[in-house]
>>> print(open('query_29.txt').read())   # compact mmCIF, C-alpha atoms and all ligand atoms
# COMPACT_ATOMS: atom_id res chain seq x y z
CA MET A 214 194.49 101.37 -0.80
CA SER A 215 197.67 101.01 1.30
CA ASN A 216 199.04 97.90 -0.33
CA VAL A 217 202.23 96.32 1.00
CA LEU A 218 204.77 94.93 -1.47
CA VAL A 219 207.21 92.28 -0.24
CA VAL A 220 210.42 91.72 -2.20
CA LEU A 221 211.14 87.98 -2.32
CA GLU A 222 214.42 86.12 -2.76
CA PHE A 223 214.93 82.69 -4.28
CA SER A 224 217.71 80.13 -4.30
CA ASP A 225 217.71 77.85 -7.37
CA GLY A 226 214.04 78.70 -7.95
CA THR A 227 212.96 77.96 -4.36
CA LEU A 228 211.70 80.69 -2.04
CA LYS A 229 214.30 81.32 0.66
CA SER A 230 212.92 80.49 4.09
CA SER A 231 214.53 83.71 5.34
CA CYS A 232 211.77 85.59 3.44
CA LEU A 233 208.99 84.14 5.60
CA PRO A 234 209.30 86.44 8.67
CA GLY A 235 209.33 89.46 6.33
CA ILE A 236 206.04 88.24 4.83
CA THR A 237 204.53 87.97 8.33
CA CYS A 238 205.63 91.51 9.17
CA ALA A 239 204.23 92.79 5.86
CA LYS A 240 200.92 91.02 6.50
CA GLN A 241 200.67 92.71 9.90
CA ILE A 242 201.33 96.10 8.28
CA ALA A 243 198.75 95.39 5.56
CA ASP A 244 196.17 94.35 8.19
CA ALA A 245 196.89 97.50 10.24
CA ASN A 246 196.59 99.69 7.12
CA GLY A 247 193.62 97.91 5.61
CA GLY A 248 195.70 97.13 2.51
CA GLU A 249 196.49 94.04 0.46
CA LEU A 250 199.63 91.93 0.52
CA HIS A 251 201.55 91.80 -2.77
CA PHE A 252 204.82 90.05 -3.69
CA LEU A 253 207.58 91.06 -6.08
CA VAL A 254 209.85 88.59 -7.90
CA LEU A 255 212.86 90.07 -9.71
CA ALA A 256 214.76 87.63 -11.93
CA ALA A 257 216.06 87.06 -15.44
CA ASP A 258 213.09 84.71 -15.92
CA PRO A 259 210.79 84.98 -12.88
CA ALA A 260 207.78 82.98 -14.19
CA ALA A 261 208.39 79.59 -12.53
CA SER A 262 209.37 81.05 -9.14
CA ALA A 263 206.36 83.36 -9.21
CA GLU A 264 203.95 80.53 -10.06
CA ALA A 265 205.29 78.42 -7.19
CA VAL A 266 204.94 81.18 -4.63
CA ALA A 267 201.52 82.21 -6.00
CA SER A 268 200.17 78.70 -5.55
CA ALA A 269 201.46 78.68 -1.96
CA GLY A 270 199.17 81.64 -1.25
CA PHE A 271 200.56 83.13 1.97
CA GLY A 272 197.61 85.53 2.00
CA ALA A 273 198.95 87.51 -0.95
CA SER A 274 196.60 88.79 -3.62
CA THR A 275 199.13 89.28 -6.43
CA VAL A 276 202.65 88.15 -7.25
CA HIS A 277 204.23 90.75 -9.52
CA THR A 278 207.12 89.70 -11.72
CA MET A 279 209.74 91.76 -13.47
CA ALA A 280 212.13 90.11 -15.91
CA ASN A 281 215.58 91.51 -16.59
CA PRO A 282 218.91 89.67 -17.01
CA ALA A 283 220.48 92.45 -14.90
CA PHE A 284 218.73 91.01 -11.79
CA GLU A 285 221.02 87.93 -11.81
CA PRO A 286 223.43 87.59 -10.20
CA PHE A 287 222.13 89.90 -7.48
CA THR A 288 223.43 93.46 -7.32
CA ALA A 289 221.85 95.99 -4.99
CA GLU A 290 222.15 98.58 -7.76
CA ALA A 291 220.02 96.72 -10.33
CA TRP A 292 217.53 95.44 -7.75
CA ALA A 293 216.99 98.98 -6.45
CA ASP A 294 216.04 100.05 -9.98
CA GLY A 295 213.67 97.08 -10.27
CA ILE A 296 212.03 97.82 -6.92
CA VAL A 297 211.56 101.50 -7.82
CA ALA A 298 209.95 100.57 -11.15
CA ALA A 299 207.69 98.05 -9.40
CA VAL A 300 206.60 100.59 -6.77
CA ARG A 301 205.69 103.06 -9.52
CA ALA A 302 203.80 100.41 -11.50
CA THR A 303 201.88 98.95 -8.55
CA ASN A 304 201.35 102.10 -6.45
CA ALA A 305 202.44 100.18 -3.37
CA ALA A 306 202.31 102.30 -0.21
CA VAL A 307 204.74 100.19 1.84
CA VAL A 308 207.63 98.12 0.48
CA GLY A 309 209.95 95.77 2.32
CA GLY A 310 211.06 92.30 3.26
CA THR A 311 213.21 90.42 5.73
CA ALA A 312 216.45 92.19 6.70
CA SER A 313 218.62 89.74 4.73
CA SER A 314 222.05 90.87 3.64
CA SER A 315 220.75 91.45 0.09
CA LEU A 316 217.64 93.41 1.03
CA ARG A 317 219.53 95.41 3.66
CA ASP A 318 221.57 96.54 0.68
CA ALA A 319 218.89 97.01 -2.01
CA LEU A 320 215.90 98.44 -0.10
CA PRO A 321 217.67 101.53 1.34
CA ARG A 322 218.91 102.34 -2.18
CA ALA A 323 215.38 102.06 -3.57
CA ALA A 324 214.06 104.22 -0.72
CA ALA A 325 216.72 106.83 -1.45
CA LEU A 326 215.89 106.84 -5.17
CA LEU A 327 212.24 107.57 -4.25
CA ASP A 328 213.17 110.01 -1.47
CA ALA A 329 211.13 107.80 0.87
CA ALA A 330 211.46 106.89 4.56
CA LEU A 331 212.87 103.53 5.62
CA THR A 332 212.43 101.80 8.98
CA SER A 333 215.13 99.18 9.34
CA GLU A 334 215.20 96.02 11.51
CA VAL A 335 211.53 96.27 12.50
CA THR A 336 210.73 94.11 15.52
CA ALA A 337 207.00 94.81 15.96
CA VAL A 338 204.03 96.33 14.16
CA GLY A 339 201.70 98.46 16.25
CA ALA A 340 198.35 100.13 15.75
CA GLU A 341 198.11 102.21 12.56
CA ALA A 342 201.27 100.45 11.34
CA VAL A 343 203.62 102.28 13.70
CA LEU A 344 206.83 100.26 13.41
CA THR A 345 209.12 99.45 16.35
CA ARG A 346 212.86 99.08 15.91
CA PRO A 347 215.77 98.77 18.34
CA ILE A 348 218.28 101.59 18.66
CA SER A 349 221.55 101.95 20.61
CA ALA A 350 222.44 98.26 20.12
CA GLY A 351 219.08 97.22 21.54
CA ARG A 352 219.21 99.34 24.68
CA ALA A 353 216.06 101.21 23.62
CA LEU A 354 213.14 100.74 21.28
CA LEU A 355 211.91 103.43 18.93
CA ASP A 356 208.36 103.63 17.54
CA GLN A 357 208.37 105.16 14.10
CA ALA A 358 205.49 106.34 11.91
CA SER A 359 206.22 107.26 8.30
CA SER A 360 204.20 109.61 6.15
CA GLY A 361 204.60 110.12 2.42
CA ALA A 362 203.25 108.31 -0.60
CA VAL A 363 205.54 105.33 -0.02
CA SER A 364 207.67 104.04 2.83
CA PHE A 365 210.09 101.14 3.20
CA PHE A 366 210.91 98.62 5.93
CA THR A 367 213.18 95.70 6.64
CA ALA A 368 211.93 93.17 9.21
CA ARG A 369 214.23 91.50 11.72
CA GLY A 370 213.91 87.81 10.89
CA SER A 371 214.17 86.64 14.48
CA GLU A 372 211.20 88.76 15.64
CA PHE A 373 208.41 87.51 13.38
CA PRO A 374 207.18 83.92 13.02
CA PRO A 375 207.65 82.44 9.54
CA ALA A 376 204.62 82.99 7.30
CA GLU A 377 202.78 79.77 6.53
CA ALA A 378 201.69 78.70 3.07
CA GLY A 379 197.96 78.33 2.60
CA GLY A 380 194.82 80.15 1.59
CA ALA A 381 193.77 81.05 -1.92
CA ALA A 382 196.38 81.09 -4.66
CA ALA A 383 197.58 84.56 -5.64
CA ALA A 384 197.33 85.97 -9.15
CA VAL A 385 200.56 86.38 -11.14
CA ALA A 386 201.00 89.63 -13.04
CA ALA A 387 203.99 90.56 -15.22
CA LEU A 388 205.10 94.14 -14.79
CA PRO A 389 206.33 96.04 -17.84
CA PRO A 390 210.08 95.68 -18.38
CA ALA A 391 212.12 98.47 -16.84
CA ASP A 392 215.71 99.60 -17.12
CA ALA A 393 217.94 98.26 -14.38
CA SER A 394 221.56 99.31 -14.20
CA THR A 395 224.32 97.66 -12.21
CA ARG A 396 226.08 101.03 -12.48
CA GLY A 397 229.33 99.45 -13.55
CA VAL A 398 229.29 96.65 -10.99
CA THR A 399 230.26 93.26 -12.42
CA VAL A 400 229.94 90.19 -10.22
CA VAL A 401 233.14 88.33 -11.02
CA ASP A 402 232.56 85.25 -8.85
CA VAL A 403 230.16 83.95 -6.20
CA GLN A 404 231.66 81.48 -3.75
CA LYS A 405 228.90 79.68 -1.88
CA THR A 406 229.66 78.53 1.65
CA GLN A 407 229.75 74.74 1.77
CA SER A 408 228.26 73.54 5.04
CA SER A 409 226.12 70.63 6.11
CA ARG A 410 224.92 72.71 9.08
CA PRO A 411 221.77 74.87 9.03
CA ALA A 412 222.16 78.58 8.26
CA LEU A 413 223.09 80.57 11.35
CA SER A 414 220.04 82.81 11.19
CA GLU A 415 217.67 79.84 10.74
CA ALA A 416 219.15 77.28 13.16
CA GLU A 417 217.18 76.13 16.21
CA VAL A 418 220.43 75.68 18.14
CA VAL A 419 223.47 77.97 17.95
CA VAL A 420 226.75 77.24 19.71
CA SER A 421 229.07 80.26 19.79
CA GLY A 422 232.64 80.73 20.94
CA GLY A 423 234.46 83.87 21.98
CA ARG A 424 237.96 85.23 22.44
CA GLY A 425 238.42 82.96 25.44
CA MET A 426 238.62 79.98 23.05
CA ARG A 427 242.07 81.42 22.23
CA GLU A 428 242.59 79.78 18.79
CA GLY A 429 240.66 78.27 15.88
CA GLU A 430 241.80 74.74 16.66
CA ASN A 431 239.90 74.91 19.96
CA PHE A 432 236.63 75.53 18.11
CA LYS A 433 236.69 71.82 17.11
CA MET A 434 235.15 70.98 20.47
CA LEU A 435 232.39 73.55 19.85
CA GLU A 436 231.86 72.12 16.36
CA GLU A 437 231.41 68.66 17.87
CA LEU A 438 228.78 70.01 20.26
CA THR A 439 227.14 71.93 17.40
CA ASP A 440 226.86 68.80 15.27
CA LEU A 441 225.57 66.66 18.13
CA LEU A 442 222.79 69.21 18.64
CA GLY A 443 222.14 69.66 14.91
CA GLY A 444 222.84 73.38 15.21
CA ALA A 445 224.91 76.13 13.65
CA LEU A 446 228.25 77.47 14.79
CA GLY A 447 228.56 81.13 15.77
CA ALA A 448 231.21 83.39 17.28
CA SER A 449 231.81 86.75 18.87
CA ARG A 450 233.42 89.49 16.85
CA ALA A 451 236.60 89.18 18.90
CA ALA A 452 236.86 85.54 17.78
CA THR A 453 236.18 86.29 14.11
CA ASP A 454 238.49 89.34 14.12
CA ALA A 455 241.24 87.13 15.53
CA GLY A 456 240.75 84.77 12.59
CA MET A 457 239.69 81.82 14.75
CA VAL A 458 236.62 81.24 12.54
CA PRO A 459 235.27 82.90 9.34
CA ALA A 460 233.74 86.38 9.63
CA ASP A 461 230.32 85.17 8.43
CA LEU A 462 229.88 83.35 11.75
CA GLN A 463 229.83 86.62 13.70
CA VAL A 464 226.74 87.07 15.87
CA GLY A 465 225.79 90.54 17.04
CA GLN A 466 224.99 94.09 16.15
CA THR A 467 227.29 94.09 13.13
CA GLY A 468 226.91 90.37 12.41
CA LYS A 469 223.97 87.98 12.25
CA ILE A 470 220.91 88.45 14.44
CA VAL A 471 219.82 85.07 15.76
CA ALA A 472 216.97 83.89 17.99
CA PRO A 473 217.26 80.11 18.24
CA ASP A 474 215.51 77.92 20.78
CA LEU A 475 218.91 77.32 22.41
CA TYR A 476 221.98 79.61 22.34
CA ILE A 477 225.15 78.35 23.98
CA ALA A 478 227.81 81.03 24.54
CA VAL A 479 231.22 79.71 25.46
CA ALA A 480 234.02 82.05 26.59
CA ILE A 481 232.05 85.10 25.46
CA SER A 482 231.92 88.05 27.86
CA GLY A 483 228.51 89.35 26.75
CA ALA A 484 229.32 92.81 25.36
CA ILE A 485 226.21 94.83 24.49
CA GLN A 486 227.02 94.50 20.77
CA HIS A 487 227.07 90.70 21.06
CA LEU A 488 223.87 90.63 23.13
CA ALA A 489 222.16 92.71 20.43
CA GLY A 490 222.45 89.71 18.13
CA MET A 491 221.34 86.88 20.41
CA LYS A 492 219.38 88.04 23.43
CA GLY A 493 216.10 87.13 21.72
CA SER A 494 217.08 83.44 21.99
CA LYS A 495 214.54 81.38 23.93
CA THR A 496 217.07 79.68 26.23
CA ILE A 497 220.59 81.01 26.76
CA VAL A 498 223.35 78.91 28.29
CA ALA A 499 226.68 80.54 29.15
CA VAL A 500 230.02 78.96 30.04
CA ASN A 501 232.58 81.46 31.35
CA LYS A 502 235.39 81.31 33.87
CA ASP A 503 234.51 84.79 35.17
CA GLU A 504 231.42 84.76 37.36
CA GLU A 505 231.08 88.53 36.85
CA ALA A 506 230.87 88.22 33.05
CA PRO A 507 227.84 90.21 31.77
CA ILE A 508 226.66 87.24 29.70
CA PHE A 509 225.37 85.71 32.95
CA GLN A 510 222.89 88.59 33.26
CA VAL A 511 221.01 87.35 30.19
CA ALA A 512 221.71 83.63 30.62
CA ASP A 513 218.97 81.23 31.74
CA TYR A 514 221.65 78.72 32.75
CA GLY A 515 225.20 79.71 33.66
CA LEU A 516 228.21 77.52 34.23
CA VAL A 517 231.19 79.22 35.88
CA GLY A 518 234.30 77.38 34.80
CA LYS A 519 236.93 76.97 32.13
CA TRP A 520 235.70 75.59 28.82
CA GLU A 521 238.66 73.19 28.89
CA ASP A 522 237.06 71.53 31.94
CA GLU A 523 233.37 72.03 31.20
CA LEU A 524 233.00 71.28 27.46
CA PRO A 525 234.21 67.65 27.69
CA LYS A 526 231.64 67.05 30.45
CA ILE A 527 228.87 68.69 28.41
CA LEU A 528 229.82 66.60 25.35
CA GLU A 529 229.66 63.39 27.38
CA LEU A 530 226.25 64.33 28.79
CA VAL A 531 224.84 65.16 25.34
CA LYS A 532 226.23 61.93 23.88
CA ALA A 533 224.74 59.92 26.74
CA ALA A 534 221.37 61.67 26.37
CA LYS A 535 221.36 60.96 22.63
CA ALA A 536 222.32 57.34 23.15
CA GLY A 537 219.46 56.58 25.30
C1 LIG A 601 230.45 99.28 16.70
C2 LIG A 601 230.75 97.94 17.30
C3 LIG A 601 230.10 96.82 16.81
C4 LIG A 601 230.38 95.57 17.35
N1 LIG A 601 229.70 94.48 16.87
C5 LIG A 601 229.89 93.29 17.47
C6 LIG A 601 229.14 92.14 17.05
O1 LIG A 601 228.35 92.18 16.11
N2 LIG A 601 229.34 90.98 17.70
C7 LIG A 601 230.23 90.85 18.75
O2 LIG A 601 230.36 89.74 19.29
N3 LIG A 601 230.96 91.92 19.14
C8 LIG A 601 230.82 93.11 18.52
N4 LIG A 601 231.56 94.16 18.92
C9 LIG A 601 232.68 93.91 19.85
C10 LIG A 601 232.23 93.85 21.30
O3 LIG A 601 232.23 95.15 21.84
C11 LIG A 601 233.20 92.97 22.11
O4 LIG A 601 234.52 93.45 21.97
C12 LIG A 601 233.20 91.50 21.69
O5 LIG A 601 231.89 91.01 21.64
C13 LIG A 601 234.01 90.70 22.73
O6 LIG A 601 234.09 89.37 22.30
P1 LIG A 601 234.33 88.23 23.38
O7 LIG A 601 233.23 88.22 24.36
O8 LIG A 601 234.60 86.98 22.62
O9 LIG A 601 235.72 88.67 24.02
P2 LIG A 601 236.04 89.22 25.47
O10 LIG A 601 235.20 90.40 25.80
O11 LIG A 601 237.51 89.38 25.52
O12 LIG A 601 235.59 88.07 26.46
C14 LIG A 601 236.22 86.83 26.50
C15 LIG A 601 235.54 86.05 27.62
O13 LIG A 601 236.09 84.75 27.68
C16 LIG A 601 236.19 84.37 29.04
N5 LIG A 601 237.23 83.33 29.10
C17 LIG A 601 238.55 83.46 28.87
N6 LIG A 601 239.17 82.28 28.96
C18 LIG A 601 238.21 81.39 29.27
C19 LIG A 601 238.23 79.98 29.50
N7 LIG A 601 239.36 79.28 29.40
N8 LIG A 601 237.07 79.35 29.79
C20 LIG A 601 235.90 80.07 29.91
N9 LIG A 601 235.84 81.41 29.71
C21 LIG A 601 236.98 82.05 29.37
C22 LIG A 601 236.56 85.63 29.77
O14 LIG A 601 236.20 85.55 31.15
C23 LIG A 601 235.75 86.67 29.01
O15 LIG A 601 234.49 86.88 29.63
C24 LIG A 601 231.32 95.42 18.39
C25 LIG A 601 231.97 96.56 18.87
C26 LIG A 601 231.69 97.79 18.33
C27 LIG A 601 232.39 99.00 18.89
>>> encode(input="query_29.txt", output="structure tokens")
Amino acid sequence: MSNVLVVLEFSDGTLKSSCLPGITCAKQIADANGGELHFLVLAADPAASAEAVASAGFGASTVHTMANPAFEPFTAEAWADGIVAAVRATNAAVVGGTASSSLRDALPRAAALLDAALTSEVTAVGAEAVLTRPISAGRALLDQASSGAVSFFTARGSEFPPAEAGGAAAAVAALPPADASTRGVTVVDVQKTQSSRPALSEAEVVVSGGRGMREGENFKMLEELTDLLGGALGASRAATDAGMVPADLQVGQTGKIVAPDLYIAVAISGAIQHLAGMKGSKTIVAVNKDEEAPIFQVADYGLVGKWEDELPKILELVKAAKAG
């Protein structure tokens, strides 16, 4: 049977919502292969997390757990060992999860340890589980079939709807303990980002600024708009490289991939590498003083003008709309 094993991530014992698109992708692969959906929970003490996710169902038949103190805090090295041991114990044919920063790190290592193929950033599942992924910064799509006893995938979170809880509860099965080595890595400190805003990759509204904002101080106007709309703040790489805002706000090929309902790009030219991270957004609004800026080619609504003139007007309109 071509069972599909999804590696899950938790935050303080709660399943991360970023896992849900990866589950949907895995379910589509399992349906195309005629296999079952299985989950894997790696933790120092995975029992409570596994029970919670098992009772939520999600169409999975079994939630496998593997306990090892080396799994916390996360290191790609130890998780890769855990995933390899789980694949051997469960005979999973396909292994993957959402392309989160952790799984982008751990799954390729596990694939390499098993000498297996990996399809990264999957955007669609076709007949016979042929997986589609973008190449050349999204300029082309590649359909990839993988042979071999086991293959790996990461799913692009913006391309699959979040899996919904429901259906029969899954069984929970503890896998035998396995060695997991951090290979000398010691996590010295984890500094969590403090923000009242939604995570960039999960927000329904994203407001991003580019190099044309000139300096970090000017992002305050974008932050005001972001908070009025209940969204997340983003930026182009030129803006993060210039130190206007933190690097973790970067949207694009080498940053976060987002697909909100509304993406507002202010003073961003629309380089192909930026578009690769946001062109899946449902509605794109662009503000740019250059009417030839490429961002207008993907924008649903374009405003040609300087942000200094246009943002105050937009803020007033949003405030008025919210007031009544
Ligand atoms: C391998 C690789 C990976 C990359 N990955 C990424 C990535 O992940 N994300 C990313 O964003 N980039 C990425 N880049 C960089 C990318 O190529 C562009 O350099 C970058 O996106 C440009 O950022 P920008 O649009 O803010 O700046 P610019 O291209 O300089 O554009 C600034 C825009 O602001 C407008 N403007 C200026 N002043 C005003 C004003 N007062 N009011 C209104 N508009 C104004 C200008 O007309 C212009 O269109 C990558 C590049 C490479 C080579």
>>> residues_near_ligand(input="query_29.txt", ligand="ligand LIG 601 (chain A)", cutoff="7 Å", atoms="all atoms listed in the file", output="ChimeraX atom specification")
/A:422-426,448-452,463-468,479-487,490,500-503,506,518-521
>>> closest_atom_pairs(input="query_29.txt", of="stretch 240-336 of chain A", to="stretch 372-396 of chain A", cutoff="10 Å", atoms="all atoms listed in the file", output="Markdown table")
| residue | atom | partner | partner_atom | distance |
| --- | --- | --- | --- | --- |
| A:Lys240 | CA | A:Ala376 | CA | 8.9 |
| A:Gln241 | CA | A:Phe373 | CA | 10.0 |
| A:Leu250 | CA | A:Ala383 | CA | 9.8 |
| A:His251 | CA | A:Ala383 | CA | 8.7 |
| A:Phe252 | CA | A:Ala383 | CA | 9.3 |
| A:Leu253 | CA | A:Leu388 | CA | 9.6 |
| A:Val254 | CA | A:Ala387 | CA | 9.6 |
| A:Pro259 | CA | A:Ala387 | CA | 9.1 |
| A:Ala260 | CA | A:Ala387 | CA | 8.5 |
| A:Ala263 | CA | A:Val385 | CA | 6.8 |
| A:Glu264 | CA | A:Val385 | CA | 6.8 |
| A:Ala265 | CA | A:Ala382 | CA | 9.6 |
| A:Val266 | CA | A:Ala383 | CA | 8.2 |
| A:Ala267 | CA | A:Ala383 | CA | 4.6 |
| A:Ser268 | CA | A:Ala382 | CA | 4.6 |
| A:Ala269 | CA | A:Ala378 | CA | 5.0 |
| A:Gly270 | CA | A:Ala382 | CA | 4.4 |
| A:Phe271 | CA | A:Ala378 | CA | 4.7 |
| A:Gly272 | CA | A:Gly380 | CA | 6.1 |
| A:Ala273 | CA | A:Ala383 | CA | 5.7 |
| A:Ser274 | CA | A:Ala383 | CA | 4.8 |
| A:Thr275 | CA | A:Ala384 | CA | 4.6 |
| A:Val276 | CA | A:Val385 | CA | 4.8 |
| A:His277 | CA | A:Ala386 | CA | 4.9 |
| A:Thr278 | CA | A:Ala387 | CA | 4.8 |
| A:Met279 | CA | A:Leu388 | CA | 5.4 |
| A:Ala280 | CA | A:Pro390 | CA | 6.4 |
| A:Asn281 | CA | A:Pro390 | CA | 7.1 |
| A:Pro282 | CA | A:Ala393 | CA | 9.0 |
| A:Ala283 | CA | A:Ala393 | CA | 6.4 |
| A:Phe284 | CA | A:Ala393 | CA | 7.7 |
| A:Phe287 | CA | A:Thr395 | CA | 9.3 |
| A:Thr288 | CA | A:Thr395 | CA | 6.5 |
| A:Ala289 | CA | A:Thr395 | CA | 7.8 |
| A:Glu290 | CA | A:Thr395 | CA | 5.0 |
| A:Ala291 | CA | A:Thr395 | CA | 4.8 |
| A:Trp292 | CA | A:Ala393 | CA | 7.2 |
| A:Ala293 | CA | A:Ala393 | CA | 8.0 |
| A:Asp294 | CA | A:Ala393 | CA | 5.1 |
| A:Gly295 | CA | A:Ala393 | CA | 6.0 |
| A:Ile296 | CA | A:Ala393 | CA | 9.5 |
| A:Val297 | CA | A:Ala391 | CA | 9.5 |
| A:Ala298 | CA | A:Ala391 | CA | 6.4 |
| A:Ala299 | CA | A:Leu388 | CA | 7.1 |
| A:Ala302 | CA | A:Leu388 | CA | 7.2 |
| A:Thr303 | CA | A:Leu388 | CA | 8.5 |
| A:Thr311 | CA | A:Phe373 | CA | 9.5 |
| A:Glu334 | CA | A:Glu372 | CA | 9.3 |
| A:Val335 | CA | A:Glu372 | CA | 8.1 |
| A:Thr336 | CA | A:Glu372 | CA | 5.4 |
>>> residues_around(input="query_29.txt", residues="stretch 403-408 of chain A", least_positions_apart="6", cutoff="12 Å", atoms="all atoms listed in the file", output="NGL selection string")
:A and (224 or 285-288 or 436 or 440 or 444-446 or 459-462)
>>> residues_around(input="query_29.txt", residues="A:Ala499", least_positions_apart="5", cutoff="7 Å", atoms="only C-alpha atoms", output="PyMOL selection string")
chain A and resi 477-479+508-509+512+514-516
>>> write_last_selection(input="query_29.txt", atoms="C-alpha atoms", output="PDB file, keeping the file's coordinate frame")
ATOM      1  CA  ILE A 477     225.150  78.350  23.980  1.00  0.00           C
ATOM      2  CA  ALA A 478     227.810  81.030  24.540  1.00  0.00           C
ATOM      3  CA  VAL A 479     231.220  79.710  25.460  1.00  0.00           C
ATOM      4  CA  ILE A 508     226.660  87.240  29.700  1.00  0.00           C
ATOM      5  CA  PHE A 509     225.370  85.710  32.950  1.00  0.00           C
ATOM      6  CA  ALA A 512     221.710  83.630  30.620  1.00  0.00           C
ATOM      7  CA  TYR A 514     221.650  78.720  32.750  1.00  0.00           C
ATOM      8  CA  GLY A 515     225.200  79.710  33.660  1.00  0.00           C
ATOM      9  CA  LEU A 516     228.210  77.520  34.230  1.00  0.00           C
TER      10      LEU A 516
END
>>> atom_distance(input="query_29.txt", atom1="atom CA of A:Pro473", atom2="atom CA of A:Ala536")
23.8 Å
>>> atom_distance(input="query_29.txt", atom1="atom CA of A:Val401", atom2="atom CA of A:Gly309")
27.8 Å
>>> closest_residue(input="query_29.txt", among="A:Val498, A:Val307, A:Ala243, A:Val418", to="A:Val517", atoms="all atoms listed in the file")
A:Val498
>>> atom_distance(input="query_29.txt", atom1="atom CA of A:Ser414", atom2="atom CA of A:Leu475")
12.5 Å
>>> closest_residue(input="query_29.txt", among="A:Lys433, A:Arg410, A:Lys526, A:Arg369", to="A:Thr237", atoms="all atoms listed in the file")
A:Arg369
>>> closest_residue(input="query_29.txt", among="A:Thr367, A:Glu222, A:Ser262, A:Lys535", to="A:Gly235", atoms="all atoms listed in the file")
A:Thr367
>>> residues_near_point(input="query_29.txt", point="(217.6, 90.1, 10.3)", cutoff="6 Å", atoms="all atoms listed in the file", output="count of residues only")
5
>>> decode(input="query_29.txt", residues="stretch 468-500 of chain A", atoms="C-alpha atoms", output="PDB file, in the first residue's frame")
ATOM      1  CA  GLY A 468      11.502  34.815   1.507  1.00  0.00           C
ATOM      2  CA  LYS A 469       7.957  33.894   2.488  1.00  0.00           C
ATOM      3  CA  ILE A 470       5.443  32.677  -0.074  1.00  0.00           C
ATOM      4  CA  VAL A 471       2.096  34.297   0.621  1.00  0.00           C
ATOM      5  CA  ALA A 472      -1.347  34.068  -0.989  1.00  0.00           C
ATOM      6  CA  PRO A 473      -3.656  36.313   1.032  1.00  0.00           C
ATOM      7  CA  ASP A 474      -7.081  37.519  -0.047  1.00  0.00           C
ATOM      8  CA  LEU A 475      -5.590  41.005  -0.401  1.00  0.00           C
ATOM      9  CA  TYR A 476      -1.950  41.944  -1.115  1.00  0.00           C
ATOM     10  CA  ILE A 477      -1.047  45.624  -1.147  1.00  0.00           C
ATOM     11  CA  ALA A 478       2.368  46.401  -2.664  1.00  0.00           C
ATOM     12  CA  VAL A 479       3.614  49.906  -2.034  1.00  0.00           C
ATOM     13  CA  ALA A 480       6.733  51.244  -3.783  1.00  0.00           C
ATOM     14  CA  ILE A 481       7.668  47.759  -4.982  1.00  0.00           C
ATOM     15  CA  SER A 482       8.740  47.421  -8.623  1.00  0.00           C
ATOM     16  CA  GLY A 483       7.539  43.828  -9.082  1.00  0.00           C
ATOM     17  CA  ALA A 484      10.762  41.935  -9.819  1.00  0.00           C
ATOM     18  CA  ILE A 485      10.164  38.309 -10.831  1.00  0.00           C
ATOM     19  CA  GLN A 486      11.663  37.121  -7.521  1.00  0.00           C
ATOM     20  CA  HIS A 487       9.155  39.216  -5.566  1.00  0.00           C
ATOM     21  CA  LEU A 488       6.235  38.105  -7.748  1.00  0.00           C
ATOM     22  CA  ALA A 489       7.214  34.478  -7.091  1.00  0.00           C
ATOM     23  CA  GLY A 490       6.185  35.008  -3.476  1.00  0.00           C
ATOM     24  CA  MET A 491       2.888  36.839  -3.873  1.00  0.00           C
ATOM     25  CA  LYS A 492       1.332  36.458  -7.289  1.00  0.00           C
ATOM     26  CA  GLY A 493      -1.020  33.759  -5.984  1.00  0.00           C
ATOM     27  CA  SER A 494      -2.795  36.438  -3.909  1.00  0.00           C
ATOM     28  CA  LYS A 495      -6.500  36.718  -4.724  1.00  0.00           C
ATOM     29  CA  THR A 496      -6.541  40.517  -5.137  1.00  0.00           C
ATOM     30  CA  ILE A 497      -3.381  42.560  -5.701  1.00  0.00           C
ATOM     31  CA  VAL A 498      -3.278  46.320  -5.222  1.00  0.00           C
ATOM     32  CA  ALA A 499      -0.159  48.248  -6.255  1.00  0.00           C
ATOM     33  CA  VAL A 500       0.886  51.814  -5.474  1.00  0.00           C
TER      34      VAL A 500
END
